[in-house]
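Report on the following structure.
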Amino acid sequence: MLILMKQGATPDQIQAVMGLLETVGIRPVLQASPAATSILAPHASQALKADRLEPMEGVSRVVPITSPFKLASADAAPGRTIVDVRGVKVGGRDLALIAGPCGVESREQLFTVARYVAESGARLLRAGAYKPRTSPYAFQGMGPEALALLAEARREFDLGIVTEATEVETFEAVERVADLVQIGARNMQNFALLKRAGRSDKPVLLKRGTAATLEEWLYAAEYVLSEGNRNVILCERGIRTWSLHARNTLDVSVIPAAKALTHLPVLADPSHATGRRDLVIPCARAAVAAGADGLIVETHCQPSQALSDGPQALLPLDFLQMVGQVTAIRELLVKDHPGATFCF
Ligand code: PEP
Ligand code: MN
């Protein structure tokens, strides 16, 4: 259940509710924001009836969480969650833009891309140090060397770093450098990795698996959330269908469908969703129009030389054009929504 406290509820009143929940073996989580204070107590209704909590001083309302996604469910938060990634508010009114090459390939490549990404106004740089590849013979990423370059790029260009953790063993090294740790599509149900991400103090970008339903994706988020990490961002990156014209199929409708079920921010990745440079920008526009809170996009200074995902990498000028277009679409959509957050 979610216990919504009255505005101006005192610390003692909040403590009294938390204390009662603890006496019946529930671990409550205090969710305080300038707008509202609430106490999240998953599974509490099995131990305690709402009518014991509702008359308590300072309590406004008790909302049952009927969804199986006890922490990811839209019922589990008083509003939409905004995840702060090094000052970028993901899930707020502004569109969050993450851009960069598929993988770190060299200092020159990373810094060239980082420079124009920073100039575009985007504040988050993506690039893999560890690459999950279909073939074991394909470029696997530069590992620790890439992490060191990402740390340098972070300082040099004042950009937040988004990079993927592929294994529990290297998670710690990745989270030291990352401002947002990506869990890739192939690892969406790697439960050991999800649990490790749940114990991290860095936000997590959870991509949808290539054959995962919305439910399975939210259960994967629940693995991270239930370990204590409440900063989870979902990312639709295309699913496997019968279409042969593109690498995957961008599931545009899952964006509003996910936002109806969960309070977590939802991003889209039009690069892996299409695999084709000429389809990336139209699909980026569609995702933002459907309510995506941001985009993660691949761009490369010399795509023909890229060691991975060159065919889908946007050229620098195309990337800059896309930023202008998607920002304009977002502005159009939020114009009529006064609050701090934005739903559809
Ligand atoms: C990537 O972001 O480069 C990547 C491998 O993504 P995905 O897990 O969506 O395939
Ligand atoms: Mn890639």
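Letters A, B, ... mark the chains of the structure tokens in the order given; residue numbers begin at 1 per chain; ligand numbers begin at 1, in order shown.
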
Subject >> Test item: residues at most 10 Å from Leu159 of chain A, only C-alpha atoms, excluding those fewer than 5 positions along its chain, as a list of chain:residue names >> reply: A:Arg86, A:Ile98, A:Ala114, A:Arg115, A:Val117, A:Ala118, A:Ala122, A:Arg123, A:Leu124, A:Leu125, A:Arg126, A:Leu150, A:Ala151, A:Ala153, A:Arg154, A:Asp179

Subject >> For Pro270 of chain A: contacts at 8 Å, only C-alpha atoms, fewer than 2 positions along chain excluded, given as a list of chain:residue names >> reply: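 In the requested format, the answer is A:Arg237, A:Gly238, A:Leu250, A:Ala268, A:His272, A:Ala273, A:Thr274, A:Val280, A:Ile281, A:Cys283, A:Ala284, A:Ala287, A:Leu295, A:Ile296, A:Val297.
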
Original post:
Leaving out Ala96 of chain A and any residue of its chain fewer than 2 positions from it, which residues lie within 8 Å of it when counting only C-alpha atoms, given as a PyMOL selection string?
Top reply: chain A and resi 88-91+94+98+122+293-295

Take the selection from the previous step and output its residues with C-alpha atoms, as a PDB file, in the first residue's frame.
ATOM      1  CA  VAL A  88      19.642  16.023 -15.994  1.00  0.00           C
ATOM      2  CA  LYS A  89      16.063  15.452 -14.823  1.00  0.00           C
ATOM      3  CA  VAL A  90      14.868  12.368 -16.665  1.00  0.00           C
ATOM      4  CA  GLY A  91      11.058  12.196 -16.585  1.00  0.00           C
ATOM      5  CA  ASP A  94      12.573  18.585 -20.693  1.00  0.00           C
ATOM      6  CA  ILE A  98      21.762  10.723 -24.455  1.00  0.00           C
ATOM      7  CA  ALA A 122      22.767  17.195 -24.891  1.00  0.00           C
ATOM      8  CA  ASP A 293      10.805  11.168 -21.807  1.00  0.00           C
ATOM      9  CA  GLY A 294      14.001  11.119 -23.804  1.00  0.00           C
ATOM     10  CA  LEU A 295      16.139   9.348 -26.362  1.00  0.00           C
TER      11      LEU A 295
END

Original post:
Residues of segment 190-322 of chain A in alpha helix (DSSP H) according to DSSP, as a ChimeraX atom specification?
Top reply: /A:191-198,214-226,254-261,270-274,277-289,316-322

**OP:** Find the residues near ligand 1. Use a cut-off of 10 Å, count only C-alpha atoms and all ligand atoms, and write them as a PyMOL selection string.
**Re:** chain A and resi 100-103+126-134+162-164+166+182-188+206-210+235-239+248+268-273+296-298+308-309

Expected file: the selected residues, N, CA and C atoms, as a tab-separated table (two decimals), in the first residue's frame:
chain	number	residue	atom	x	y	z
A	100	GLY	N	25.95	9.34	-28.43
A	100	GLY	CA	27.37	9.00	-28.52
A	100	GLY	C	27.54	7.76	-29.38
A	101	PRO	N	28.77	7.31	-29.51
A	101	PRO	CA	29.01	6.13	-30.34
A	101	PRO	C	28.55	4.85	-29.65
A	102	CYS	N	28.42	3.78	-30.41
A	102	CYS	CA	28.06	2.49	-29.81
A	102	CYS	C	29.12	2.13	-28.77
A	103	GLY	N	30.38	2.15	-29.21
A	103	GLY	CA	31.45	1.78	-28.29
A	103	GLY	C	32.58	2.80	-28.29
A	126	ARG	N	26.83	8.68	-24.29
A	126	ARG	CA	26.79	7.23	-24.22
A	126	ARG	C	27.98	6.64	-24.97
A	127	ALA	N	28.50	5.50	-24.53
A	127	ALA	CA	29.52	4.74	-25.26
A	127	ALA	C	29.84	3.52	-24.41
A	128	GLY	N	29.87	2.37	-25.07
A	128	GLY	CA	30.11	1.12	-24.34
A	128	GLY	C	31.60	0.86	-24.16
A	129	ALA	N	31.95	0.40	-22.96
A	129	ALA	CA	33.31	-0.08	-22.69
A	129	ALA	C	33.31	-1.60	-22.80
A	130	TYR	N	32.19	-2.19	-22.42
A	130	TYR	CA	31.99	-3.64	-22.53
A	130	TYR	C	30.82	-3.83	-23.48
A	131	LYS	N	31.04	-4.51	-24.60
A	131	LYS	CA	30.00	-4.65	-25.61
A	131	LYS	C	29.46	-6.08	-25.64
A	132	PRO	N	28.15	-6.24	-25.46
A	132	PRO	CA	27.56	-7.58	-25.61
A	132	PRO	C	27.35	-7.83	-27.10
A	133	ARG	N	28.09	-8.70	-27.72
A	133	ARG	CA	27.99	-8.89	-29.17
A	133	ARG	C	27.45	-10.27	-29.50
A	134	THR	N	26.73	-10.34	-30.60
A	134	THR	CA	26.14	-11.62	-31.01
A	134	THR	C	27.24	-12.63	-31.31
A	162	VAL	N	26.95	7.53	-19.75
A	162	VAL	CA	26.02	6.40	-19.77
A	162	VAL	C	26.76	5.25	-20.43
A	163	THR	N	26.97	4.17	-19.69
A	163	THR	CA	27.73	3.06	-20.25
A	163	THR	C	27.20	1.76	-19.66
A	164	GLU	N	27.42	0.69	-20.41
A	164	GLU	CA	26.74	-0.58	-20.08
A	164	GLU	C	27.55	-1.49	-19.16
A	166	THR	N	27.83	-5.39	-18.29
A	166	THR	CA	27.39	-6.65	-18.89
A	166	THR	C	27.52	-7.83	-17.92
A	182	GLN	N	23.82	1.34	-17.85
A	182	GLN	CA	22.89	0.68	-18.77
A	182	GLN	C	22.89	-0.83	-18.55
A	183	ILE	N	21.69	-1.40	-18.50
A	183	ILE	CA	21.56	-2.87	-18.57
A	183	ILE	C	20.96	-3.12	-19.95
A	184	GLY	N	21.67	-3.84	-20.78
A	184	GLY	CA	21.28	-4.00	-22.17
A	184	GLY	C	20.15	-5.01	-22.36
A	185	ALA	N	19.61	-4.99	-23.59
A	185	ALA	CA	18.48	-5.86	-23.93
A	185	ALA	C	18.78	-7.33	-23.64
A	186	ARG	N	19.99	-7.75	-23.98
A	186	ARG	CA	20.33	-9.16	-23.80
A	186	ARG	C	20.38	-9.57	-22.34
A	187	ASN	N	20.55	-8.60	-21.47
A	187	ASN	CA	20.66	-8.89	-20.03
A	187	ASN	C	19.41	-8.53	-19.24
A	188	MET	N	18.31	-8.26	-19.94
A	188	MET	CA	17.12	-7.79	-19.21
A	188	MET	C	16.64	-8.80	-18.17
A	206	LEU	N	17.29	0.59	-17.94
A	206	LEU	CA	16.94	-0.81	-18.21
A	206	LEU	C	16.29	-0.93	-19.57
A	207	LYS	N	17.03	-1.53	-20.51
A	207	LYS	CA	16.48	-1.71	-21.84
A	207	LYS	C	15.53	-2.90	-21.86
A	208	ARG	N	14.58	-2.83	-22.77
A	208	ARG	CA	13.62	-3.93	-22.93
A	208	ARG	C	14.27	-5.05	-23.73
A	209	GLY	N	14.09	-6.28	-23.29
A	209	GLY	CA	14.63	-7.42	-24.02
A	209	GLY	C	13.98	-7.54	-25.39
A	210	THR	N	14.67	-8.18	-26.33
A	210	THR	CA	14.16	-8.21	-27.71
A	210	THR	C	12.88	-9.02	-27.85
A	235	CYS	N	13.80	1.73	-21.09
A	235	CYS	CA	14.13	2.14	-22.47
A	235	CYS	C	13.65	1.11	-23.48
A	236	GLU	N	12.73	1.55	-24.34
A	236	GLU	CA	12.26	0.71	-25.46
A	236	GLU	C	13.30	0.79	-26.58
A	237	ARG	N	13.80	-0.37	-27.02
A	237	ARG	CA	14.88	-0.36	-28.02
A	237	ARG	C	14.56	-1.28	-29.21
A	238	GLY	N	13.26	-1.52	-29.40
A	238	GLY	CA	12.89	-2.37	-30.53
A	238	GLY	C	12.83	-3.82	-30.13
A	239	ILE	N	11.87	-4.52	-30.73
A	239	ILE	CA	11.70	-5.93	-30.45
A	239	ILE	C	11.80	-6.73	-31.74
A	248	ASN	N	15.25	-4.27	-35.89
A	248	ASN	CA	14.19	-4.60	-34.94
A	248	ASN	C	12.98	-3.76	-35.30
A	268	ALA	N	13.39	6.06	-25.35
A	268	ALA	CA	13.40	5.20	-26.53
A	268	ALA	C	14.78	5.25	-27.18
A	269	ASP	N	15.16	4.15	-27.80
A	269	ASP	CA	16.43	4.04	-28.51
A	269	ASP	C	16.11	3.73	-29.97
A	270	PRO	N	16.01	4.76	-30.82
A	270	PRO	CA	15.64	4.52	-32.22
A	270	PRO	C	16.79	3.92	-33.03
A	271	SER	N	18.00	3.91	-32.48
A	271	SER	CA	19.17	3.39	-33.21
A	271	SER	C	19.13	1.87	-33.27
A	272	HIS	N	19.05	1.22	-32.09
A	272	HIS	CA	18.98	-0.25	-32.09
A	272	HIS	C	17.61	-0.73	-32.58
A	273	ALA	N	16.59	0.12	-32.43
A	273	ALA	CA	15.25	-0.27	-32.88
A	273	ALA	C	15.20	-0.42	-34.40
A	296	ILE	N	17.96	7.77	-26.41
A	296	ILE	CA	19.37	7.41	-26.42
A	296	ILE	C	19.69	7.05	-27.87
A	297	VAL	N	20.65	7.75	-28.44
A	297	VAL	CA	20.89	7.66	-29.88
A	297	VAL	C	22.38	7.46	-30.15
A	298	GLU	N	22.66	6.64	-31.17
A	298	GLU	CA	24.07	6.46	-31.55
A	298	GLU	C	24.46	7.44	-32.66
A	308	SER	N	31.57	-1.03	-34.27
A	308	SER	CA	30.26	-1.68	-34.07
A	308	SER	C	29.15	-0.69	-34.41
A	309	ASP	N	28.07	-1.23	-34.96
A	309	ASP	CA	26.84	-0.47	-35.23
A	309	ASP	C	27.02	0.78	-36.11

**OP:** Using DSSP on the backbone coordinates, identify the residues of segment 158-224 of chain A assigned to strand (DSSP E); present them as a ChimeraX atom specification.
**Re:** /A:160-164,180-183,204-207

Original post:
Could you state the separation of atom CA of Gly19 of chain A and atom CA of Tyr219 of chain A in Å, given to one decimal place?
Top reply: 28.7 Å

Original post:
Which residue, A:Val113, A:Met5, A:Ala16, A:Ala32, has the smallest gap to Val63 of chain A when you use only C-alpha atoms?
Top reply: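 Once distances to Val63 of chain A are computed over only C-alpha atoms, the minimum belongs to A:Met5.
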
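Distance-wise, atom CA of Cys301 of chain A and atom CA of Ser135 of chain A end up 24.6 Å apart.
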
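Using only C-alpha atoms, the protein and nucleic acid residues lying no more than 7 Å from segment 327-332 of chain A, apart from those fewer than 4 places from it along its own chain, are Leu95, Val288, Ala289 and Val323 of chain A.
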
Take the residues just selected and output them with N, CA and C atoms as an mmCIF file, in the first residue's frame.
data_model
loop_
_atom_site.group_PDB
_atom_site.id
_atom_site.type_symbol
_atom_site.label_atom_id
_atom_site.label_comp_id
_atom_site.auth_asym_id
_atom_site.auth_seq_id
_atom_site.Cartn_x
_atom_site.Cartn_y
_atom_site.Cartn_z
ATOM 1 N N LEU A 95 13.093 17.107 -22.484
ATOM 2 C CA LEU A 95 13.465 15.834 -23.090
ATOM 3 C C LEU A 95 14.913 15.510 -22.701
ATOM 4 N N VAL A 288 9.147 10.369 -29.480
ATOM 5 C CA VAL A 288 8.927 11.565 -28.655
ATOM 6 C C VAL A 288 7.458 11.982 -28.738
ATOM 7 N N ALA A 289 6.901 11.877 -29.934
ATOM 8 C CA ALA A 289 5.477 12.223 -30.095
ATOM 9 C C ALA A 289 4.603 11.291 -29.259
ATOM 10 N N VAL A 323 18.161 16.726 -32.967
ATOM 11 C CA VAL A 323 17.993 17.368 -31.652
ATOM 12 C C VAL A 323 16.993 18.517 -31.767
#

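Considering the residues A:Phe139, A:Trp242, A:Phe191, A:Tyr116 and counting only C-alpha atoms and all ligand atoms, ligand 2 has its shortest atom-to-atom contact with A:Phe139.
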